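Remarks on the structure that follows.
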Amino acid sequence: MSQDAPLYLRRRPPTAAELQGIPWLGLLHSAERERAVAALVVGDAQAGDYVCRVGRSVTYWFGLVEGLLKMSADNADGLTMTFTGVPPGGWFGEGTAMKREPYRYNIQALRKSVVAGLPIDTFHWLLDHSIGFNRFVMNQLNERLGQFISAREIDRMGSPDARVARSLAALFNPVLYPGVGEVLRITQQELAYLVGLSRQRVNEALACLQEQGVIRVEYGGLRVLDLNALRSGDFPRAVARQ
């Protein structure tokens, strides 16, 4: 299938390795898992591809196996507001899937990514039959609520360094994004897209956080050394520099 075709036309069965990267499969009983695996598809997204768009009807519950996605929407002034990033292991849109309502946000690939999709009817079947799946979805909804409350706080922060820190902490959420671990594979430009700052300002913030022993910048990514500090630190030196 041509890479110029829409993402949904590039869907294919997942490989065994890709199935291992889906965190909720291990919570299902054998019959539930067989039904889910038979229905799951994956798509190979290119940078810039849309996984879902505002106003489109929900057909799948989506997750990211590999790569990096951005969740955003355009406001009344035509400006794009980024809500969060989605790193590997993250599943999203469960609220939309449960209500079968149109999407209120866009999900776009920031780089070449592997996106998994569970058909909406199978999603609802699992809700009706699987306790393990229900618990996973409930945990997702609970963590998602905390994530968006935190996102509102980030928008009001005057310190760019604290803003970068909180945004990184959100990407290292072990419940929502179990595939990340201690190292997030992300470029400074990708992080700038997610945070809403210039690449130069993000670079300065990362240097500040590294100086304070909170993160370590490694080749191709970032390693978290103190997740609690990312979540709650004030970073006064960053404020003083402004």
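The way I read the labels, and the way they are meant: chains A, B, ... in the order of the structure tokens, residue 1 as the first residue of every chain, and ligand 1 as the first ligand shown, with later ones counted on from there.
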
Spatial neighbours of stretch 63-71 of chain A, 8 Å, only C-alpha atoms, chain gap at least 4 places, as a ChimeraX atom specification: /A:18,21-22,82-92,105-117,186,194

Filtered DSSP result for stretch 7-112 of chain A, state helix (DSSP H, G or I), as a list in words: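 Here is the list: Leu7, Tyr8, Leu9, Arg10, Ala16, Ala17, Glu18, Leu19, Gln20, Leu25, Gly26, Leu27, Ser30, Ala31, Glu32, Arg33, Glu34, Arg35, Ala36, Val37, Ala38, Ala39, Glu94, Gly95, Thr96, Ala97, Met98 and Lys99 of chain A.
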
Using only C-alpha atoms: which of A:Pro160, A:Gly233, A:Gly93, A:Gly146 has the shortest distance to A:Val202: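 Of A:Pro160, A:Gly233, A:Gly93, A:Gly146, the one nearest A:Val202, counting only C-alpha atoms, is A:Pro160.
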
Shortest interatomic distance to A:Pro6 - which of A:Gly213, A:Leu184, A:Gly132, A:Cys52, counting only C-alpha atoms: A:Cys52

Pick from A:Gly55, A:Val137, A:Gly95, A:Leu222, whichever lies nearest to A:Gln210 using only C-alpha atoms: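 Of A:Gly55, A:Val137, A:Gly95, A:Leu222, the one nearest A:Gln210 is A:Leu222, counting only C-alpha atoms.
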
Shell around A:Leu141 at 12 Å using only C-alpha atoms, local window under 3 positions removed, as a PyMOL selection string: chain A and resi 91-98+134-138+144-148+175-176
